Amino acid sequence: MIVSRILIRSFKQKYSHICRTLCSAQKSNATTHTEKTYPISGTRTVFNGINSQTMFAPQTALIPELTPGEILVKVRLASICMSDVHTIRGQRIEPTPSVLGHEAIVEVVTHRRPESDLAVGDRLTFSIADSCGQCEFCLTGLNQKCIKLFKYGHAKLSDGSGYNGCYATHIILRRGTHVVKIPEIISDRCAAPINCSLATAMCAMEYVPKAKNGRAFVQGDGMLGLYTCAALREHGFERVYCSGTRLQRSKFIEHFGGIPLYNARRNEILEEETNKIDVVVEVCGVSNVVNDGLRLLKPGGVYLFVGMVHPHSQLNITGEQIIRKCLTIKGIHNYAPRHLDQAVQFLEKTFKKYPYEELIGPTYDLSDLSQAMQISIEKRYGRVLVKPNVLTS
C-alpha cells in the first residue's frame, strides 16, 4: 500500500510538471504570434499647422501598450489623399498637433483580438473610421456617422495613442476598427488607397440602380472618378462618360472603362445626352457642375453627391429642377465596414482587368513628406506614396 501511494504521488508530480511545461510552451508560442515585449519605439511625422515655423516635424516616441481589441500595425506603405493636400493648403482645418494620413496598407505586429484569426505579418487594410457598433447609426449601417466616431489621420495627437495617422512607422488600430486581409495578388502600391477612394466608390454603388443598356456620367477624373468608372462598368452600365480638367487623364479614363470628355467634346455630349442619363456621380468637389448633371439626367434618374465635402459648395438650383424630373439626390460620405470588404473583393476580382498600378506615382521616404506633398499638389499622379523606415525595437 505504501509503495502504491509513493508511485501515485510520483506520477502526480511528473504529470503536474509536464502540464506546467506544456502550458509554458503554449504561452510562449502565443506570445510569438500575438504579443510583443514593450517598450517599442516608433517614428511619426507631426503636423503642427500651416502657420507653424515647422509644418512637419519628425518625432520618435514610445508606443503605448495595447488595450483589449486593439491592433498594433506597422505601416508598409501610405498614400497621400487630396484631403491631406487640402489641409496643408489651408482649405481644410484639422486639429493640431496631429499625424495626418488615413490611406495605407499595414502589417500586424501584435494584437489583442484573441477571437480573430489575425497573425503577425498579415497585410491589412482598415476602415478610416472607428465606430462603436452599438449606436443607432451603426445599427442601421451608417457606421461612418457613429456618435463615438474616431477618424484616423484627422485626430489630435493627444486623442488616444498618439499613433493615429499613417505618416508614421506604426498605427494603433482601435477595437471598433474594421480590418480586412489583403490577398497576395494585390501589391502594396495598389492596396494603399483601398480604404478611402475605392471603399467610397463601393458605398456609392450601393445606391446605383441596375439599368439595362444603362448610361452614367462621372463628374471628376481623379482617383475616385476612375474607380467609379470601373465600378459602373462592372455594375453593367454600357456607357460611362467621365469629364474632368486634366486632359492627360484621358487614357486612364479609357483604361478604366470610361469615355473621356474634355473641351468641345464635353459640350457635344451635354447636348446629345440631355435627359438620357440614368445616373450622375459627382466626385470633383465643384458645385458649378451640378446644373449640367441635372440637365443630363432622365426622369427618375439618380444623382450622387460624393466630392463636395467642403463649405464652398453652394448650389444654384431650384426645387423645380428636381421635382419635375422626379429625381433622387443622395449624399455619399465615407463608407461602412461592408464597403471595405467589397472594395478588397472588387480589386481582387478586377486586378488584371484595369491598370491600377499605372495610377500610382513615385514613393518618398517619410522624412521627405513635404516633398511628397508638393508632388501631390501638382496632381500628376492618382496617388503619391510614402514609405516609413520602420523601427523594429
# chains A, B, ... in the order shown; residues from 1 in each chain; ligands from 1

$ select_by_dssp --residues "segment 6-202 of chain A" --states "strand (DSSP E or B)" --output "number ranges by chain"
A: 40-47, 56-63, 71-79, 98, 103-111, 123-126, 129-130, 150-151, 156, 168, 170-173, 179-181

$ residues_around --residues "Glu320 of chain A" --least-positions-apart "6" --cutoff "12 Å" --atoms "only C-alpha atoms" --output "list in words"
Leu294, Cys326 and Leu327 of chain A

$ write_last_selection --atoms "N, CA, C and O atoms" --output "PDB file, in the first residue's frame"
ATOM      1  N   LEU A 294     -28.016  67.763 -63.596  1.00  0.00           N
ATOM      2  CA  LEU A 294     -29.478  67.772 -63.578  1.00  0.00           C
ATOM      3  C   LEU A 294     -30.045  67.773 -64.994  1.00  0.00           C
ATOM      4  O   LEU A 294     -31.068  67.137 -65.266  1.00  0.00           O
ATOM      5  N   CYS A 326     -38.670  64.099 -61.145  1.00  0.00           N
ATOM      6  CA  CYS A 326     -38.766  63.012 -60.152  1.00  0.00           C
ATOM      7  C   CYS A 326     -37.392  62.412 -59.850  1.00  0.00           C
ATOM      8  O   CYS A 326     -37.212  61.185 -59.813  1.00  0.00           O
ATOM      9  N   LEU A 327     -36.418  63.282 -59.625  1.00  0.00           N
ATOM     10  CA  LEU A 327     -35.039  62.835 -59.404  1.00  0.00           C
ATOM     11  C   LEU A 327     -34.799  62.451 -57.953  1.00  0.00           C
ATOM     12  O   LEU A 327     -35.476  62.933 -57.041  1.00  0.00           O
TER      13      LEU A 327
END

$ closest_residue --among "A:Asp368, A:Leu304, A:Lys353, A:Arg175" --to "Gly257 of chain A" --atoms "only C-alpha atoms"
A:Lys353

$ residues_around --residues "segment 111-123 of chain A" --least-positions-apart "5" --cutoff "10 Å" --atoms "only C-alpha atoms" --output "ChimeraX atom specification"
/A:32-36,66-76,105-106,172-173,175,179-184,188,191

$ closest_atom_pairs --of "segment 272-350 of chain A" --to "segment 224-237 of chain A" --cutoff "9 Å" --atoms "only C-alpha atoms" --output "tab-separated table"
residue	atom	partner	partner_atom	distance
A:Val281	CA	A:Thr228	CA	8.2
A:Glu282	CA	A:Gly225	CA	8.4
A:Val283	CA	A:Gly225	CA	6.0
A:Cys284	CA	A:Gly225	CA	7.8
A:Gly307	CA	A:Leu224	CA	8.8
A:Phe346	CA	A:Ala231	CA	8.3
A:Thr350	CA	A:Ala230	CA	8.9

$ write_last_selection --atoms "C-alpha atoms" --output "PDB file, in the first residue's frame"
ATOM      1  CA  VAL A 281     -21.928  60.748 -59.903  1.00  0.00           C
ATOM      2  CA  GLU A 282     -20.244  63.952 -58.749  1.00  0.00           C
ATOM      3  CA  VAL A 283     -16.734  63.288 -57.469  1.00  0.00           C
ATOM      4  CA  CYS A 284     -14.945  66.509 -58.436  1.00  0.00           C
ATOM      5  CA  GLY A 307     -16.942  65.088 -53.752  1.00  0.00           C
ATOM      6  CA  PHE A 346     -13.583  44.232 -56.219  1.00  0.00           C
ATOM      7  CA  THR A 350     -10.578  43.146 -61.398  1.00  0.00           C
TER       8      THR A 350
END

$ select_by_dssp --residues "segment 241-333 of chain A" --states "alpha helix (DSSP H)" --output "ChimeraX atom specification"
/A:250-255,263-272,290-296,319-323

$ write_last_selection --atoms "C-alpha atoms" --output "PDB file, in the first residue's frame"
ATOM      1  CA  SER A 250      -7.951  60.709 -70.976  1.00  0.00           C
ATOM      2  CA  LYS A 251      -6.036  57.467 -71.401  1.00  0.00           C
ATOM      3  CA  PHE A 252      -6.704  56.465 -67.801  1.00  0.00           C
ATOM      4  CA  ILE A 253     -10.427  57.095 -68.219  1.00  0.00           C
ATOM      5  CA  GLU A 254     -10.446  54.842 -71.274  1.00  0.00           C
ATOM      6  CA  HIS A 255      -8.439  52.155 -69.487  1.00  0.00           C
ATOM      7  CA  ASN A 263     -13.411  70.742 -74.043  1.00  0.00           C
ATOM      8  CA  ALA A 264     -15.616  70.742 -77.176  1.00  0.00           C
ATOM      9  CA  ARG A 265     -16.427  67.029 -76.933  1.00  0.00           C
ATOM     10  CA  ARG A 266     -17.866  67.576 -73.474  1.00  0.00           C
ATOM     11  CA  ASN A 267     -20.229  70.255 -74.791  1.00  0.00           C
ATOM     12  CA  GLU A 268     -21.348  67.994 -77.626  1.00  0.00           C
ATOM     13  CA  ILE A 269     -22.234  65.185 -75.235  1.00  0.00           C
ATOM     14  CA  LEU A 270     -24.119  67.568 -72.953  1.00  0.00           C
ATOM     15  CA  GLU A 271     -26.349  68.297 -75.923  1.00  0.00           C
ATOM     16  CA  GLU A 272     -26.624  64.738 -77.226  1.00  0.00           C
ATOM     17  CA  VAL A 290     -24.471  70.253 -60.724  1.00  0.00           C
ATOM     18  CA  ASN A 291     -26.712  72.039 -63.217  1.00  0.00           C
ATOM     19  CA  ASP A 292     -25.079  70.037 -66.018  1.00  0.00           C
ATOM     20  CA  GLY A 293     -25.847  66.853 -64.122  1.00  0.00           C
ATOM     21  CA  LEU A 294     -29.478  67.772 -63.578  1.00  0.00           C
ATOM     22  CA  ARG A 295     -29.821  68.564 -67.257  1.00  0.00           C
ATOM     23  CA  LEU A 296     -28.378  65.200 -68.311  1.00  0.00           C
ATOM     24  CA  GLY A 319     -36.584  72.608 -56.382  1.00  0.00           C
ATOM     25  CA  GLU A 320     -38.495  72.559 -59.665  1.00  0.00           C
ATOM     26  CA  GLN A 321     -35.477  71.049 -61.462  1.00  0.00           C
ATOM     27  CA  ILE A 322     -35.602  68.083 -59.106  1.00  0.00           C
ATOM     28  CA  ILE A 323     -39.358  67.688 -58.696  1.00  0.00           C
TER      29      ILE A 323
END

$ closest_residue --among "A:Pro388, A:Gly42, A:Pro58, A:Pro193" --to "Ser161 of chain A" --atoms "only C-alpha atoms"
A:Gly42

$ closest_residue --among "A:Ile317, A:Ala372, A:Val46, A:Cys135" --to "Val99 of chain A" --atoms "only C-alpha atoms"
A:Val46

$ residues_around --residues "Gly300 of chain A" --least-positions-apart "2" --cutoff "8 Å" --atoms "only C-alpha atoms" --output "list in words"
Asp278, Leu297, Lys298, Val302, Lys325, Cys326, Leu327 and Thr328 of chain A

$ write_last_selection --atoms "N, CA and C atoms" --output "short mmCIF file (atom, residue, chain, number, x, y, z; two decimals), in the first residue's frame"
data_model
loop_
_atom_site.label_atom_id
_atom_site.label_comp_id
_atom_site.auth_asym_id
_atom_site.auth_seq_id
_atom_site.Cartn_x
_atom_site.Cartn_y
_atom_site.Cartn_z
N ASP A 278 -28.94 57.79 -66.82
CA ASP A 278 -29.59 57.14 -65.68
C ASP A 278 -29.02 57.60 -64.34
N LEU A 297 -29.71 64.12 -66.60
CA LEU A 297 -30.49 63.02 -66.04
C LEU A 297 -31.87 62.88 -66.70
N LYS A 298 -32.24 61.65 -66.95
CA LYS A 298 -33.58 61.36 -67.44
C LYS A 298 -34.57 61.38 -66.28
N VAL A 302 -30.90 59.22 -60.92
CA VAL A 302 -30.27 59.31 -59.60
C VAL A 302 -29.00 60.16 -59.69
N LYS A 325 -38.58 66.29 -62.69
CA LYS A 325 -37.97 65.08 -63.26
C LYS A 325 -38.05 63.88 -62.30
N CYS A 326 -38.67 64.10 -61.14
CA CYS A 326 -38.77 63.01 -60.15
C CYS A 326 -37.39 62.41 -59.85
N LEU A 327 -36.42 63.28 -59.62
CA LEU A 327 -35.04 62.83 -59.40
C LEU A 327 -34.80 62.45 -57.95
N THR A 328 -33.80 61.61 -57.76
CA THR A 328 -33.32 61.26 -56.42
C THR A 328 -31.90 61.79 -56.28
#

$ residues_around --residues "Met202 of chain A" --least-positions-apart "2" --cutoff "7 Å" --atoms "only C-alpha atoms" --output "PyMOL selection string"
chain A and resi 198-200+204-206+339+342-343

$ closest_residue --among "A:Arg239, A:Val384, A:Glu94, A:Ile185" --to "Lys212 of chain A" --atoms "only C-alpha atoms"
A:Arg239

$ residues_around --residues "Gly153 of chain A" --least-positions-apart "5" --cutoff "8 Å" --atoms "only C-alpha atoms" --output "VMD selection string"
chain A and resid 98 to 102 164 to 166

$ write_last_selection --atoms "N, CA, C and O atoms" --output "short mmCIF file (atom, residue, chain, number, x, y, z; two decimals), in the first residue's frame"
data_model
loop_
_atom_site.label_atom_id
_atom_site.label_comp_id
_atom_site.auth_asym_id
_atom_site.auth_seq_id
_atom_site.Cartn_x
_atom_site.Cartn_y
_atom_site.Cartn_z
N SER A 98 -1.00 66.94 -34.86
CA SER A 98 -1.62 65.67 -35.24
C SER A 98 -0.71 64.92 -36.19
O SER A 98 0.31 65.45 -36.66
N VAL A 99 -1.07 63.68 -36.48
CA VAL A 99 -0.40 62.90 -37.51
C VAL A 99 -1.42 62.68 -38.62
O VAL A 99 -2.45 62.04 -38.40
N LEU A 100 -1.16 63.26 -39.77
CA LEU A 100 -2.09 63.14 -40.90
C LEU A 100 -1.94 61.76 -41.55
O LEU A 100 -1.09 60.97 -41.19
N GLY A 101 -2.79 61.53 -42.55
CA GLY A 101 -2.71 60.29 -43.33
C GLY A 101 -3.70 59.25 -42.86
O GLY A 101 -3.72 58.89 -41.68
N HIS A 102 -4.56 58.80 -43.79
CA HIS A 102 -5.54 57.77 -43.44
C HIS A 102 -5.55 56.62 -44.45
O HIS A 102 -6.27 55.66 -44.26
N ASN A 164 -2.07 57.78 -34.51
CA ASN A 164 -3.40 57.80 -35.09
C ASN A 164 -3.43 58.03 -36.60
O ASN A 164 -4.51 58.01 -37.20
N GLY A 165 -2.27 58.30 -37.20
CA GLY A 165 -2.23 58.61 -38.62
C GLY A 165 -1.19 57.78 -39.35
O GLY A 165 -0.31 57.16 -38.73
N CYS A 166 -1.29 57.80 -40.67
CA CYS A 166 -0.46 56.90 -41.49
C CYS A 166 0.93 57.44 -41.80
O CYS A 166 1.77 56.69 -42.31
#

$ closest_residue --among "A:Ile93, A:Ile171, A:Ile360, A:Ser243" --to "Glu107 of chain A" --atoms "only C-alpha atoms"
A:Ile171

$ residues_around --residues "Asn334 of chain A" --least-positions-apart "6" --cutoff "10 Å" --atoms "only C-alpha atoms" --output "list in words"
Ser127, Ile128, Ala129, Leu142, Asn143, Gln144, Lys145, Asn195, Cys196, Ser197, Ala199, Thr200, Ala201, Met202, Cys203, Ala204 and Val306 of chain A

$ closest_residue --among "A:Gly285, A:Pro362, A:Gly141, A:Gly133" --to "Gly220 of chain A" --atoms "only C-alpha atoms"
A:Gly285
